[in-house]
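Report on one structure; see the data block that follows.
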Amino acid sequence: MKNLLFWLAFPFVLPQALWLRKRAPRFKDAVGEHQGEVGQGTTLRLVAIGDSIIAGVGAATLDKALVGQTAASLAEQKQASVHWVSIGKTGVTSRGLVKRLLKELPDTEIDYFVVSIGVNDVTALTSLKAWRINLTRLFESLHSTRPNAVIAFAGLPPLGRFPLLPQPLRFVLGLRAQVLDRAALSVIQGHPTVVHVSLAFDLEPENFSPDGYHPNEDSYVEYGRLVAEALVEHRAG
């Protein structure tokens with residue numbers, strides 16, 4: 001029903017979407033090294049791959065973005081040294097992730113993956129069929145190369161709460177994000193090494209960076225904690 005409602009409503013918000021594409025602020029990726037290490041103890045390896053969340057937009061440096069905060073929380077929970085690597089590209093879709101970014105995986109042992117993808121599939125109007133195919137290929141590729149790694153898929157955020165998006169575009173894109181997230185859940189059910197980290201909770205304007213679209217550094221701390229907890233619990237289970 002939500003999918004049908006989206007396609008019925010989209011023609012009416014298309015002019016708004018095109019206007020926003022031209023006028024929306026463009027923030028730069030986080031700066032600094034694309035890898036780091038935090039904590040002490042047995043070494044664990046974490047690789048984050050995906051879109052602007054992985055590129056750290058909204059944070060000054062990557063250690064303060066999702067990958068660094070997930071690593072810090074993992075290090076605390078596991079009493080370990082966590083070596084992290086970020087492979088992120090702002091604007092990438094699920095197709096681009098599979099076609100290009102997977103080739104950049106480091107040739108090392110990996111204990112944990114964090115995947116952030118989907119918001120650009122919402123705005124690029126990726127079909128549900130293509131979305132499912134791309135996720136299936138992604139999870140199969142990660143599992144085939146690192147069969148013992150746990151993969152955390154960051155669920156699609158509630159676009160219906162994003163301050164940058166004007167109404168009614170905000171509502172319509174929020175519907176589409178819910179549809180893709182539900183489809184992701186159905187794909188994940190067939191992959192026992194993948195855990196879905198739900199982001200379906202209310203957000204307030206103060207949770208965002210100044211662009212009104214990406215998390216701020218405080219939100220990345222909480223985001224990283226949620227992802228790390230999901231990884232640890234899935235490994236224990």
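Residues are named by chain letter and number: chains run A, B, ... in the order of the structure tokens, numbers start at 1 in each chain, and ligands are numbered from 1 in the order shown.
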Report as CSV the residues of range 63-156 of chain A within 6 Å of range 220-229 of chain A, each with its shortest atom pair and distance in Å (one decimal), using only C-alpha atoms, ordered by chain and increasing residue number.
```
residue,atom,partner,partner_atom,distance
A:Ala65,CA,A:Tyr220,CA,5.5
A:Leu66,CA,A:Tyr220,CA,5.3
A:Gln69,CA,A:Gly224,CA,4.8
A:Thr70,CA,A:Gly224,CA,3.9
A:Ser73,CA,A:Arg225,CA,5.6
A:Leu74,CA,A:Ala228,CA,5.3
```
For a quick check of understanding, using only C-alpha atoms, which of A:Gln16, A:Thr193, A:Ser198, A:Gln35 has the smallest distance to Phe113 in chain A? A:Thr193
Measuring between only C-alpha atoms, which one of A:Leu135, A:Ala230, A:Val172, A:Ala154 shows the shortest distance to Val187 in chain A?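 Distance minimum relative to Val187 in chain A lands on A:Leu135.
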From a DSSP calculation on the backbone, collect every residue of range 53-228 of chain A in helix (DSSP H, G or I) and output the set as a ChimeraX atom specification. /A:53-55,62-64,66-78,94-99,101-104,119-123,128-145,159-161,169-188,205-207,217-228
Let me make sure I understand: among A:Val38, A:His234, A:His191, A:Asp202, which one has the smallest atom-to-atom distance to Ser141 in chain A if we use only C-alpha atoms? A:His191
Report as a ChimeraX atom specification all protein, DNA and RNA residues lying within 6 Å of range 93-95 of chain A, evaluated on only C-alpha atoms, omitting residues in the same chain fewer than 5 positions from it. /A:120-121,134
Let me make sure I understand: among A:Ala177, A:Val67, A:Ala75, A:Ile53, which one has the smallest atom-to-atom distance to Ala124 in chain A if we use only C-alpha atoms? A:Ala177
Might you pull out every residue within 10 Å of Pro106 in chain A, with only C-alpha atoms counted and same-chain residues fewer than 5 positions away left off, and present them as JSON, numbers by chain? {"A": [47, 85, 87]}
Rank nothing, just name the residue among A:Leu173, A:Leu125, A:Leu44, A:Leu101 nearest to Lys78 in chain A, using only C-alpha atoms.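 The answer is A:Leu44, which sits nearest to Lys78 in chain A.
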Rank nothing, just name the residue among A:Leu180, A:Leu164, A:Ala60, A:Ala152 nearest to Val195 in chain A, using only C-alpha atoms.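 Smallest distance to Val195 in chain A is found for A:Ala152.
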Tell me which protein, DNA and RNA residues are within 12 Å of Val119 in chain A, counting only C-alpha atoms, leaving out same-chain ones fewer than 4 positions away, and put them as an MDAnalysis selection string. chainID A and resid 50:53 90:94 123:126 131 154:160 162 173:181 213:214
Give the strand (DSSP E or B) residues of range 191-222 of chain A, as assigned by DSSP on the backbone, as a VMD selection string. chain A and resid 194 to 197 208 215
What is the CA of Leu20 in chain A to CA of Gly212 in chain A distance in Å?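 A separation of 12.4 Å between them.
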Å distance separating CA of Ala80 in chain A from CA of Ser144 in chain A, one decimal place: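 These atoms are spaced 25.6 Å apart.
Note that the spacing between CA of Thr145 in chain A and CA of Leu62 in chain A amounts to 25.3 Å.
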